[in-house]
Amino acid sequence: MKLTMSWTAALGAILLGALLLPPQLQAQGWVISGTVADALGSPIPQADLDLFSDLAPSVEIAVSGDTTGPDGTFSMTILDAVPAGAFSMQVEPPPGFLSTTLSLSLSGSIDVGVINLGSGWIISGIVQDTNGNPLAPIDIDMRGTNTGWINLTGDFTNAAGIFTITLSALVDEYRIVFSMATPTPTVFPLQLDDVFLFGDTDLGTIVMDPGFTVIGSIIDDTGAPLSGIDMNAIDAQGIPAELFNDDSDLNGNFSVLFPAGTWEASLRSVDPTATQEWVPHTFPLMVVDGPLDLGTTQMLPGYHFIGEVHDSIGNWVEGADLDAEHSATGNSITINNDTTDINGRFDVILPIGSLLLEIDPPLLGPVLQTVIVPLGVVAGAPVDLGIIVLPDGVLLSGRCIDSTGAPVGLVDVELFDSATGILYPTIHENGAADGTFSFAIDPGVYDLMIIPPAATGVAPTLLAGISVLSSTDLGDLVLAPGVQLSGTVAAAGVAQPDVLIEVSDPASGIIPAWGTLITDPLGHYSVSLIPGTYNINFTAPLAGGYDDHVETNLPLVNDLILDIDFAIQAPAGVTSLLCNAAGSTIELSWNNAEADYDTITVFREGLILGQLAGTDSQFLDSSPLVGIPALYEIMATRDGLNSVSSPCSVTAPVVFVRCDASPDGLVTIADAVTILSHMFSQGPISCLDAADCNDSGEINIADPVALLQFLFVTGTPPPVPYPTAGVDPTADSLGCS
């Protein structure tokens, strides 16, 4: 049979049918009632009730009457228009009672009867920072010795830093962990161990120390990311920090919260199933007083060296300490498990190259000398060094202090033969944290050079002609106040390791024993000097073709940071560029690698889209190229020099409003007319996705019916994107021109 009905008649029929269709069953206006009581049936007032649909368990449904009265009863009215079905009702009682969750199937109003809650102990307190300010939100987690981790009620501090936890009444020793529940915490987690609880307890004031996030990435010798690498840290007294979530991820990245302070941080492989082991890496001493980026660290494959340490009469030497450095540069190598066991045995991991392995005797026992073993490390199976004998010696000791009598810890002590000036063959006679040093040597006459850490504020010193014919204690050695000269050496922005730096006296040209140093792998240098005027010569790398840099008659009265670049430096490009579609726009965001850009230019497909201030880090393209990939580039400029461009590519999606078939930005009966005209008279529609009112992937009579029911019957809105423009969440063959 032919279809002869006009589209206007069809519209009338559909409108009449839509008005006669029954609306969908909704929970709006239904009442959930009941009583909340304790285990004995006594009412619990002021219990809070929250309702969630199982279809959207993270979205709380709007209700009224969601608090129990003095008699424990409640009558909760559902305010949102949500479909009937399965729901969860959470009951959060006042302190002293345990929370619970009820599963409900709603098809109308319901009385859930009496909800009995168990009672518990109240654990309370207040959390503050070191300045006495309240901290929130602080998450409190508890683990019983016999119960494991516990599901708690009230386990977050409020705006005043106060917490009130309800805990099941179980006598036990508990571990209590306080941590800031934010993406960028400002305090370091605090862990209380062996807290014995046997009733209501006020923990008093909990003070959390400042904490800052340290980030970086780890790669192997081929540039591939290394995952599962563990971060460790110790302070100047050798006390380790209890770090959390401190392993690198699958992309080799780490983000570790450190307590504020000065730390020696190191990386080590901890995966027992790994087929390749990696040489641990230790960072230079770092001050953590704000967020810190350690950049990219390369870890090298390592290979086992084993052996035994004996004394001169063949006894095993337990507790001998092993250290290693590169022969050419003197750069130290981190070693784990670096002491001999009760049988004098050791097993250490070392990288490929020409190395010096130093074996120092234990502090207690017979006076034995250090031994240095040259090694040529190649890839392969473990190498057995056999028996290494530590010869007898005499002991040289002393203590370094400053002018106030305070100990100067971790000094580097070097010995030279007074007659020949030859360095005595030891590499690690560093002092302890309490300023003391002690090591065994052959009897003789020596010059003693003491180089303190730059951060101590004292200057190096040289003691000449010290006679050490038997064990000798030099007592307290007072180190004069000093100034620190430090900085970074680069060439065209690239850090320059192994740059020779010589500090000399301008009048005599003499370079003191501590005045010759080289930059570390990151181009850093640091030296302590007696206040005065100096010439400083930086020898440029031969391969770069740059001239040396010389600072003449440089006065050093206070600490000075002196950064040197052997070339005029173009700015570094921006980092972490992200291009994201946001509705009908494209949002660009990035990080400025340097703080002193003059301008930032945004390009799209090679054409300038905008020029921004050098401090900007966001841009919005409000008229993107819709439906096709577009290449965006960000370029920074400083002093007329441009950085390399940072690219990203993104496709701006087609956006529309569901049911706006006209399209005029409004959803009205005119859109139903437009859909019917398209169906029965081949009327044009520029966006079939918009005309697909029920998001079925087809245009048929159900679409105008759904629109008319929305407009005149149920008020149930169309599927997304509605009421604002957006992309189609459902894949189909429809589209927009």
# chains A, B, ... in the order shown; residues from 1 in each chain; ligands from 1
>>> residues_around(residues="Arg604 of chain A", least_positions_apart="4", cutoff="9 Å", atoms="only C-alpha atoms", output="VMD selection string")
chain A and resid 608 to 609 630 to 633
>>> residues_around(residues="segment 472-482 of chain A", least_positions_apart="6", cutoff="7 Å", atoms="only C-alpha atoms", output="PyMOL selection string")
chain A and resi 395-403+457-459+461+528-531
>>> select_by_dssp(residues="segment 17-260 of chain A", states="helix (DSSP H, G or I)", output="list in words")
Gly17, Ala18, Leu19 and Leu20 of chain A
>>> write_last_selection(atoms="C-alpha atoms", output="compact mmCIF listing (two decimals), in the first residue's frame")
# COMPACT_ATOMS: atom_id res chain seq x y z
CA GLY A 17 -0.03 9.86 20.30
CA ALA A 18 2.78 11.43 22.30
CA LEU A 19 0.29 13.16 24.59
CA LEU A 20 -1.50 9.86 25.26
>>> residues_around(residues="segment 106-122 of chain A", least_positions_apart="2", cutoff="9 Å", atoms="only C-alpha atoms", output="ChimeraX atom specification")
/A:25-27,29-41,44,73,75,77,83-87,91,93,95-100,102,104,124,164-170,198-202
>>> write_last_selection(atoms="N, CA and C atoms", output="short mmCIF file (atom, residue, chain, number, x, y, z; two decimals), in the first residue's frame")
data_model
loop_
_atom_site.label_atom_id
_atom_site.label_comp_id
_atom_site.auth_asym_id
_atom_site.auth_seq_id
_atom_site.Cartn_x
_atom_site.Cartn_y
_atom_site.Cartn_z
N LEU A 25 8.22 5.56 34.73
CA LEU A 25 8.13 5.56 36.18
C LEU A 25 9.38 6.23 36.78
N GLN A 26 9.19 7.27 37.59
CA GLN A 26 10.29 8.04 38.16
C GLN A 26 10.23 7.98 39.68
N ALA A 27 11.43 8.10 40.32
CA ALA A 27 11.49 8.05 41.79
C ALA A 27 11.25 9.40 42.43
N GLY A 29 9.84 12.34 44.29
CA GLY A 29 8.71 12.46 45.20
C GLY A 29 8.49 11.25 46.09
N TRP A 30 9.15 10.13 45.81
CA TRP A 30 9.00 8.96 46.68
C TRP A 30 9.66 9.23 48.04
N VAL A 31 9.16 8.55 49.05
CA VAL A 31 9.63 8.76 50.42
C VAL A 31 10.23 7.45 50.94
N ILE A 32 11.45 7.56 51.49
CA ILE A 32 12.09 6.44 52.18
C ILE A 32 12.09 6.78 53.67
N SER A 33 11.48 5.93 54.47
CA SER A 33 11.38 6.22 55.90
C SER A 33 11.97 5.05 56.69
N GLY A 34 12.18 5.30 57.97
CA GLY A 34 12.72 4.26 58.83
C GLY A 34 13.26 4.85 60.12
N THR A 35 13.98 4.03 60.87
CA THR A 35 14.55 4.44 62.15
C THR A 35 15.98 3.94 62.24
N VAL A 36 16.87 4.80 62.75
CA VAL A 36 18.25 4.40 63.01
C VAL A 36 18.43 4.27 64.52
N ALA A 37 18.89 3.09 64.94
CA ALA A 37 19.02 2.81 66.37
C ALA A 37 20.32 2.08 66.63
N ASP A 38 20.71 2.06 67.92
CA ASP A 38 21.91 1.31 68.27
C ASP A 38 21.58 -0.17 68.45
N ALA A 39 22.56 -0.95 68.88
CA ALA A 39 22.36 -2.40 68.97
C ALA A 39 21.29 -2.77 69.98
N LEU A 40 21.02 -1.88 70.96
CA LEU A 40 20.00 -2.15 71.97
C LEU A 40 18.64 -1.58 71.60
N GLY A 41 18.56 -0.91 70.47
CA GLY A 41 17.29 -0.35 70.02
C GLY A 41 17.09 1.11 70.38
N ILE A 44 19.21 6.80 67.45
CA ILE A 44 20.43 7.56 67.15
C ILE A 44 20.04 8.80 66.36
N THR A 73 14.13 8.62 63.92
CA THR A 73 13.37 8.37 62.69
C THR A 73 13.79 9.34 61.60
N SER A 75 12.43 10.57 57.38
CA SER A 75 11.49 10.49 56.26
C SER A 75 12.12 11.28 55.12
N THR A 77 12.72 12.37 51.31
CA THR A 77 12.01 12.53 50.03
C THR A 77 13.02 12.70 48.91
N PRO A 83 15.18 7.18 37.45
CA PRO A 83 14.33 6.01 37.20
C PRO A 83 14.33 5.06 38.38
N ALA A 84 13.24 4.33 38.49
CA ALA A 84 13.15 3.30 39.52
C ALA A 84 14.21 2.24 39.29
N GLY A 85 14.57 1.53 40.37
CA GLY A 85 15.58 0.49 40.22
C GLY A 85 16.32 0.24 41.52
N ALA A 86 17.61 -0.11 41.39
CA ALA A 86 18.44 -0.47 42.54
C ALA A 86 19.17 0.76 43.06
N PHE A 87 19.18 0.91 44.39
CA PHE A 87 19.80 2.07 45.03
C PHE A 87 20.62 1.60 46.23
N VAL A 91 24.39 5.20 55.59
CA VAL A 91 24.03 5.75 56.90
C VAL A 91 25.32 6.13 57.61
N PRO A 93 26.50 7.73 60.92
CA PRO A 93 26.03 8.16 62.24
C PRO A 93 26.98 9.18 62.86
N PRO A 95 29.66 10.46 65.83
CA PRO A 95 30.77 9.70 66.43
C PRO A 95 30.28 8.74 67.51
N GLY A 96 30.91 7.59 67.55
CA GLY A 96 30.57 6.57 68.53
C GLY A 96 29.82 5.40 67.94
N PHE A 97 29.37 5.54 66.67
CA PHE A 97 28.65 4.46 66.01
C PHE A 97 29.28 4.19 64.65
N LEU A 98 29.10 2.96 64.15
CA LEU A 98 29.72 2.54 62.90
C LEU A 98 28.75 2.72 61.75
N SER A 99 29.25 3.19 60.63
CA SER A 99 28.42 3.43 59.46
C SER A 99 28.01 2.11 58.81
N THR A 100 26.99 2.18 57.94
CA THR A 100 26.55 1.02 57.18
C THR A 100 25.93 1.48 55.88
N LEU A 102 22.85 0.29 53.00
CA LEU A 102 21.72 -0.58 52.68
C LEU A 102 21.51 -0.61 51.18
N LEU A 104 18.75 -1.05 48.29
CA LEU A 104 17.30 -0.88 48.18
C LEU A 104 16.87 -1.06 46.73
N SER A 124 40.04 10.71 68.51
CA SER A 124 39.96 12.10 68.07
C SER A 124 41.31 12.79 68.19
N THR A 164 37.45 13.04 64.08
CA THR A 164 36.77 12.19 65.05
C THR A 164 36.47 10.87 64.36
N ILE A 165 37.22 9.85 64.68
CA ILE A 165 37.11 8.54 64.03
C ILE A 165 36.34 7.60 64.94
N THR A 166 35.45 6.83 64.34
CA THR A 166 34.79 5.76 65.09
C THR A 166 35.45 4.43 64.72
N LEU A 167 35.96 3.75 65.72
CA LEU A 167 36.73 2.53 65.54
C LEU A 167 36.03 1.38 66.24
N SER A 168 35.96 0.23 65.57
CA SER A 168 35.39 -0.95 66.23
C SER A 168 36.14 -1.22 67.53
N ALA A 169 35.40 -1.64 68.54
CA ALA A 169 35.97 -1.80 69.89
C ALA A 169 36.82 -3.06 69.96
N LEU A 170 38.03 -2.96 69.46
CA LEU A 170 38.98 -4.08 69.47
C LEU A 170 40.28 -3.62 70.10
N PHE A 198 42.42 1.04 73.77
CA PHE A 198 41.52 0.16 74.51
C PHE A 198 40.26 0.91 74.93
N GLY A 199 39.91 1.99 74.26
CA GLY A 199 38.72 2.77 74.55
C GLY A 199 38.79 4.11 73.84
N ASP A 200 37.83 5.00 74.15
CA ASP A 200 37.86 6.34 73.56
C ASP A 200 39.22 6.98 73.86
N THR A 201 39.83 7.58 72.83
CA THR A 201 41.18 8.13 72.99
C THR A 201 41.29 9.46 72.25
N ASP A 202 41.81 10.46 72.93
CA ASP A 202 42.16 11.73 72.29
C ASP A 202 43.67 11.72 72.03
#
>>> residues_around(residues="Ala47 of chain A", least_positions_apart="3", cutoff="6 Å", atoms="only C-alpha atoms", output="PDB file with N, CA and C atoms, in the first residue's frame")
ATOM      1  N   THR A  67      18.356  13.544  57.605  1.00  0.00           N
ATOM      2  CA  THR A  67      18.969  13.484  58.936  1.00  0.00           C
ATOM      3  C   THR A  67      17.946  12.943  59.921  1.00  0.00           C
ATOM      4  N   THR A  68      18.366  12.005  60.769  1.00  0.00           N
ATOM      5  CA  THR A  68      17.430  11.450  61.748  1.00  0.00           C
ATOM      6  C   THR A  68      17.121  12.471  62.833  1.00  0.00           C
ATOM      7  N   GLU A  92      25.528   7.434  57.803  1.00  0.00           N
ATOM      8  CA  GLU A  92      26.721   7.942  58.479  1.00  0.00           C
ATOM      9  C   GLU A  92      26.297   8.484  59.842  1.00  0.00           C
ATOM     10  N   PRO A  93      26.504   7.734  60.922  1.00  0.00           N
ATOM     11  CA  PRO A  93      26.031   8.156  62.237  1.00  0.00           C
ATOM     12  C   PRO A  93      26.983   9.185  62.860  1.00  0.00           C
ATOM     13  N   PRO A  94      26.581   9.796  63.951  1.00  0.00           N
ATOM     14  CA  PRO A  94      27.508  10.655  64.697  1.00  0.00           C
ATOM     15  C   PRO A  94      28.604   9.809  65.329  1.00  0.00           C
TER      16      PRO A  94
END
>>> select_by_dssp(residues="segment 104-166 of chain A", states="strand (DSSP E or B)", output="ChimeraX atom specification")
/A:104-106,110-117,119-129,134,138-144,148-149,153,156,162-166
>>> residues_around(residues="Thr222 of chain A", least_positions_apart="3", cutoff="12 Å", atoms="only C-alpha atoms", output="MDAnalysis selection string")
chainID A and resid 218:219 225:226 298:301
>>> residues_around(residues="segment 534-547 of chain A", least_positions_apart="3", cutoff="7 Å", atoms="only C-alpha atoms", output="list in words")
Val499, Leu500, Ile501, Glu502, Val503, Ser504, Asp505, Pro506, Val550, Glu551, Thr552, Asn553, Leu554, Pro555 and Phe566 of chain A
>>> write_last_selection(atoms="C-alpha atoms", output="PDB file, in the first residue's frame")
ATOM      1  CA  VAL A 499      85.145  21.090  32.649  1.00  0.00           C
ATOM      2  CA  LEU A 500      88.447  22.010  34.308  1.00  0.00           C
ATOM      3  CA  ILE A 501      88.081  24.928  36.746  1.00  0.00           C
ATOM      4  CA  GLU A 502      91.174  26.539  38.311  1.00  0.00           C
ATOM      5  CA  VAL A 503      90.973  29.092  41.123  1.00  0.00           C
ATOM      6  CA  SER A 504      94.183  31.083  41.550  1.00  0.00           C
ATOM      7  CA  ASP A 505      95.628  33.996  43.508  1.00  0.00           C
ATOM      8  CA  PRO A 506      95.707  37.080  41.192  1.00  0.00           C
ATOM      9  CA  VAL A 550      88.068  33.732  32.611  1.00  0.00           C
ATOM     10  CA  GLU A 551      86.836  35.764  35.575  1.00  0.00           C
ATOM     11  CA  THR A 552      89.629  38.078  36.761  1.00  0.00           C
ATOM     12  CA  ASN A 553      89.920  39.778  40.145  1.00  0.00           C
ATOM     13  CA  LEU A 554      86.618  38.352  41.305  1.00  0.00           C
ATOM     14  CA  PRO A 555      85.941  39.500  44.884  1.00  0.00           C
ATOM     15  CA  PHE A 566      80.454  29.084  26.599  1.00  0.00           C
TER      16      PHE A 566
END
>>> residues_around(residues="segment 315-322 of chain A", least_positions_apart="6", cutoff="12 Å", atoms="only C-alpha atoms", output="ChimeraX atom specification")
/A:305-309,332-350,356-373,387-391,427-429
>>> write_last_selection(atoms="N, CA and C atoms", output="short mmCIF file (atom, residue, chain, number, x, y, z; two decimals), in the first residue's frame")
data_model
loop_
_atom_site.label_atom_id
_atom_site.label_comp_id
_atom_site.auth_asym_id
_atom_site.auth_seq_id
_atom_site.Cartn_x
_atom_site.Cartn_y
_atom_site.Cartn_z
N PHE A 305 81.17 -8.28 41.24
CA PHE A 305 82.54 -8.57 41.62
C PHE A 305 82.51 -9.11 43.05
N ILE A 306 83.13 -10.27 43.23
CA ILE A 306 83.12 -10.92 44.53
C ILE A 306 84.56 -11.11 45.00
N GLY A 307 84.71 -11.37 46.29
CA GLY A 307 86.05 -11.61 46.84
C GLY A 307 86.00 -11.73 48.34
N GLU A 308 87.18 -11.90 48.95
CA GLU A 308 87.32 -11.98 50.40
C GLU A 308 88.39 -10.99 50.84
N VAL A 309 88.21 -10.43 52.05
CA VAL A 309 89.17 -9.50 52.63
C VAL A 309 89.78 -10.14 53.87
N SER A 332 82.54 9.35 41.95
CA SER A 332 82.25 8.18 42.76
C SER A 332 81.12 7.36 42.17
N ILE A 333 81.10 6.08 42.53
CA ILE A 333 80.08 5.13 42.09
C ILE A 333 79.37 4.62 43.33
N THR A 334 78.06 4.69 43.31
CA THR A 334 77.28 4.19 44.44
C THR A 334 77.32 2.67 44.48
N ILE A 335 77.54 2.13 45.67
CA ILE A 335 77.58 0.67 45.85
C ILE A 335 76.61 0.30 46.97
N ASN A 336 75.75 -0.67 46.69
CA ASN A 336 74.92 -1.25 47.74
C ASN A 336 75.62 -2.48 48.32
N ASN A 337 75.21 -2.89 49.53
CA ASN A 337 75.82 -4.05 50.19
C ASN A 337 77.34 -3.90 50.20
N ASP A 338 77.79 -2.75 50.71
CA ASP A 338 79.19 -2.36 50.55
C ASP A 338 80.06 -2.68 51.75
N THR A 339 79.68 -3.65 52.56
CA THR A 339 80.54 -4.09 53.66
C THR A 339 80.69 -5.60 53.62
N THR A 340 81.83 -6.07 54.08
CA THR A 340 82.08 -7.51 54.08
C THR A 340 81.30 -8.20 55.19
N ASP A 341 80.96 -9.48 54.96
CA ASP A 341 80.18 -10.23 55.95
C ASP A 341 81.12 -10.86 56.99
N ILE A 342 80.59 -11.74 57.81
CA ILE A 342 81.38 -12.31 58.91
C ILE A 342 82.53 -13.16 58.40
N ASN A 343 82.45 -13.59 57.15
CA ASN A 343 83.53 -14.38 56.55
C ASN A 343 84.41 -13.54 55.63
N GLY A 344 84.29 -12.21 55.78
CA GLY A 344 85.12 -11.31 54.98
C GLY A 344 84.72 -11.22 53.52
N ARG A 345 83.57 -11.78 53.14
CA ARG A 345 83.18 -11.82 51.73
C ARG A 345 82.41 -10.55 51.35
N PHE A 346 82.50 -10.22 50.06
CA PHE A 346 81.73 -9.11 49.51
C PHE A 346 81.22 -9.49 48.13
N ASP A 347 80.15 -8.82 47.71
CA ASP A 347 79.56 -9.01 46.38
C ASP A 347 78.97 -7.66 45.98
N VAL A 348 79.63 -6.95 45.05
CA VAL A 348 79.20 -5.60 44.67
C VAL A 348 78.93 -5.56 43.17
N ILE A 349 78.12 -4.57 42.76
CA ILE A 349 77.77 -4.38 41.34
C ILE A 349 78.47 -3.12 40.85
N LEU A 350 79.21 -3.25 39.73
CA LEU A 350 79.98 -2.14 39.18
C LEU A 350 79.68 -1.97 37.70
N LEU A 356 88.46 2.31 40.12
CA LEU A 356 89.27 2.04 41.30
C LEU A 356 88.33 1.56 42.40
N LEU A 357 88.59 0.38 42.94
CA LEU A 357 87.81 -0.18 44.04
C LEU A 357 88.60 0.00 45.32
N GLU A 358 88.05 0.76 46.25
CA GLU A 358 88.72 1.03 47.53
C GLU A 358 88.11 0.17 48.62
N ILE A 359 88.96 -0.48 49.41
CA ILE A 359 88.52 -1.32 50.51
C ILE A 359 89.10 -0.74 51.79
N ASP A 360 88.21 -0.18 52.64
CA ASP A 360 88.61 0.46 53.89
C ASP A 360 88.39 -0.49 55.05
N PRO A 361 89.30 -0.54 56.01
CA PRO A 361 89.14 -1.44 57.16
C PRO A 361 88.03 -0.96 58.07
N PRO A 362 87.50 -1.84 58.92
CA PRO A 362 86.48 -1.40 59.89
C PRO A 362 87.09 -0.46 60.92
N LEU A 363 86.22 0.31 61.59
CA LEU A 363 86.70 1.29 62.56
C LEU A 363 87.29 0.62 63.80
N LEU A 364 86.76 -0.53 64.16
CA LEU A 364 87.23 -1.22 65.35
C LEU A 364 88.13 -2.39 64.97
N GLY A 365 89.00 -2.73 65.88
CA GLY A 365 89.90 -3.86 65.63
C GLY A 365 91.31 -3.41 65.33
N PRO A 366 92.13 -4.31 64.80
CA PRO A 366 93.53 -3.96 64.50
C PRO A 366 93.61 -2.80 63.50
N VAL A 367 94.71 -2.03 63.56
CA VAL A 367 94.91 -0.92 62.64
C VAL A 367 95.36 -1.48 61.30
N LEU A 368 94.47 -1.37 60.30
CA LEU A 368 94.74 -1.87 58.96
C LEU A 368 94.62 -0.73 57.96
N GLN A 369 95.36 -0.86 56.86
CA GLN A 369 95.34 0.19 55.85
C GLN A 369 94.32 -0.10 54.75
N THR A 370 93.94 0.99 54.11
CA THR A 370 93.08 0.90 52.93
C THR A 370 93.87 0.31 51.76
N VAL A 371 93.16 -0.46 50.92
CA VAL A 371 93.75 -1.00 49.70
C VAL A 371 92.90 -0.55 48.51
N ILE A 372 93.57 -0.14 47.42
CA ILE A 372 92.88 0.26 46.20
C ILE A 372 93.21 -0.74 45.10
N VAL A 373 92.15 -1.27 44.48
CA VAL A 373 92.30 -2.28 43.43
C VAL A 373 91.85 -1.68 42.11
N ILE A 387 91.43 -13.25 47.24
CA ILE A 387 91.70 -12.73 48.58
C ILE A 387 92.46 -11.40 48.47
N ILE A 388 91.94 -10.39 49.16
CA ILE A 388 92.58 -9.07 49.20
C ILE A 388 93.05 -8.84 50.64
N VAL A 389 94.33 -8.57 50.80
CA VAL A 389 94.93 -8.42 52.13
C VAL A 389 95.07 -6.94 52.46
N LEU A 390 94.57 -6.53 53.65
CA LEU A 390 94.75 -5.18 54.16
C LEU A 390 95.99 -5.15 55.05
N PRO A 391 97.03 -4.39 54.66
CA PRO A 391 98.28 -4.38 55.46
C PRO A 391 98.12 -3.61 56.76
N ILE A 427 91.41 7.28 48.49
CA ILE A 427 90.45 8.18 47.84
C ILE A 427 89.29 8.57 48.73
N HIS A 428 89.10 7.90 49.86
CA HIS A 428 87.94 8.22 50.69
C HIS A 428 88.31 8.25 52.16
N GLU A 429 88.97 9.34 52.58
CA GLU A 429 89.19 9.51 54.02
C GLU A 429 88.22 10.57 54.54
#
>>> closest_residue(among="A:Val557, A:Met180, A:Val59, A:Met208", to="Asn131 of chain A", atoms="only C-alpha atoms")
A:Met208
>>> atom_distance(atom1="atom CA of Ala702 of chain A", atom2="atom CA of Thr674 of chain A")
13.9 Å
>>> decode(residues="segment 409-470 of chain A", atoms="C-alpha atoms", output="PDB file, in the first residue's frame")
ATOM      1  CA  GLY A 409      81.054  16.970  59.362  1.00  0.00           C
ATOM      2  CA  LEU A 410      81.749  15.001  56.192  1.00  0.00           C
ATOM      3  CA  VAL A 411      85.043  16.703  55.348  1.00  0.00           C
ATOM      4  CA  ASP A 412      87.247  15.295  52.601  1.00  0.00           C
ATOM      5  CA  VAL A 413      90.739  14.560  53.941  1.00  0.00           C
ATOM      6  CA  GLU A 414      93.651  14.081  51.510  1.00  0.00           C
ATOM      7  CA  LEU A 415      97.285  13.203  52.299  1.00  0.00           C
ATOM      8  CA  PHE A 416     100.437  14.115  50.363  1.00  0.00           C
ATOM      9  CA  ASP A 417     103.968  12.870  50.955  1.00  0.00           C
ATOM     10  CA  SER A 418     105.741  15.976  52.313  1.00  0.00           C
ATOM     11  CA  ALA A 419     109.011  15.178  50.535  1.00  0.00           C
ATOM     12  CA  THR A 420     107.634  14.414  47.059  1.00  0.00           C
ATOM     13  CA  GLY A 421     104.151  16.032  47.021  1.00  0.00           C
ATOM     14  CA  ILE A 422     102.742  12.733  45.737  1.00  0.00           C
ATOM     15  CA  LEU A 423      99.156  12.027  46.758  1.00  0.00           C
ATOM     16  CA  TYR A 424      98.960   9.124  49.189  1.00  0.00           C
ATOM     17  CA  PRO A 425      96.989   6.351  47.425  1.00  0.00           C
ATOM     18  CA  THR A 426      93.644   6.649  49.164  1.00  0.00           C
ATOM     19  CA  ILE A 427      90.448   8.179  47.839  1.00  0.00           C
ATOM     20  CA  HIS A 428      87.938   8.216  50.685  1.00  0.00           C
ATOM     21  CA  GLU A 429      89.187   9.506  54.017  1.00  0.00           C
ATOM     22  CA  ASN A 430      85.994  11.549  54.516  1.00  0.00           C
ATOM     23  CA  GLY A 431      85.183  12.647  58.024  1.00  0.00           C
ATOM     24  CA  ALA A 432      82.107  11.467  59.896  1.00  0.00           C
ATOM     25  CA  ALA A 433      79.039  13.598  60.602  1.00  0.00           C
ATOM     26  CA  ASP A 434      80.449  14.509  64.048  1.00  0.00           C
ATOM     27  CA  GLY A 435      83.598  16.008  62.462  1.00  0.00           C
ATOM     28  CA  THR A 436      85.933  13.155  63.342  1.00  0.00           C
ATOM     29  CA  PHE A 437      88.173  11.338  60.887  1.00  0.00           C
ATOM     30  CA  SER A 438      90.447   8.349  61.313  1.00  0.00           C
ATOM     31  CA  PHE A 439      92.433   6.221  58.843  1.00  0.00           C
ATOM     32  CA  ALA A 440      95.494   3.989  58.746  1.00  0.00           C
ATOM     33  CA  ILE A 441      98.654   4.821  56.764  1.00  0.00           C
ATOM     34  CA  ASP A 442     102.297   3.852  56.521  1.00  0.00           C
ATOM     35  CA  PRO A 443     104.530   5.686  59.049  1.00  0.00           C
ATOM     36  CA  GLY A 444     105.903   8.919  57.517  1.00  0.00           C
ATOM     37  CA  VAL A 445     105.701  12.719  57.229  1.00  0.00           C
ATOM     38  CA  TYR A 446     102.668  14.107  55.426  1.00  0.00           C
ATOM     39  CA  ASP A 447     100.861  17.260  54.314  1.00  0.00           C
ATOM     40  CA  LEU A 448      97.196  17.072  55.320  1.00  0.00           C
ATOM     41  CA  MET A 449      94.563  18.821  53.162  1.00  0.00           C
ATOM     42  CA  ILE A 450      91.047  19.222  54.599  1.00  0.00           C
ATOM     43  CA  ILE A 451      88.204  20.194  52.243  1.00  0.00           C
ATOM     44  CA  PRO A 452      84.843  20.722  54.003  1.00  0.00           C
ATOM     45  CA  PRO A 453      81.465  20.470  52.224  1.00  0.00           C
ATOM     46  CA  ALA A 454      80.571  23.770  50.579  1.00  0.00           C
ATOM     47  CA  ALA A 455      77.356  24.064  52.605  1.00  0.00           C
ATOM     48  CA  THR A 456      79.261  24.194  55.928  1.00  0.00           C
ATOM     49  CA  GLY A 457      80.466  27.768  55.306  1.00  0.00           C
ATOM     50  CA  VAL A 458      84.068  27.042  56.323  1.00  0.00           C
ATOM     51  CA  ALA A 459      87.162  27.162  54.116  1.00  0.00           C
ATOM     52  CA  PRO A 460      89.649  24.414  53.200  1.00  0.00           C
ATOM     53  CA  THR A 461      92.964  24.283  55.000  1.00  0.00           C
ATOM     54  CA  LEU A 462      96.415  22.686  54.548  1.00  0.00           C
ATOM     55  CA  LEU A 463      98.539  21.375  57.446  1.00  0.00           C
ATOM     56  CA  ALA A 464     102.133  20.752  56.299  1.00  0.00           C
ATOM     57  CA  GLY A 465     104.851  18.498  57.729  1.00  0.00           C
ATOM     58  CA  ILE A 466     102.801  16.305  60.057  1.00  0.00           C
ATOM     59  CA  SER A 467     104.946  13.494  61.479  1.00  0.00           C
ATOM     60  CA  VAL A 468     102.987  10.245  61.826  1.00  0.00           C
ATOM     61  CA  LEU A 469     105.489   7.642  63.033  1.00  0.00           C
ATOM     62  CA  SER A 470     102.973   5.932  65.330  1.00  0.00           C
TER      63      SER A 470
END
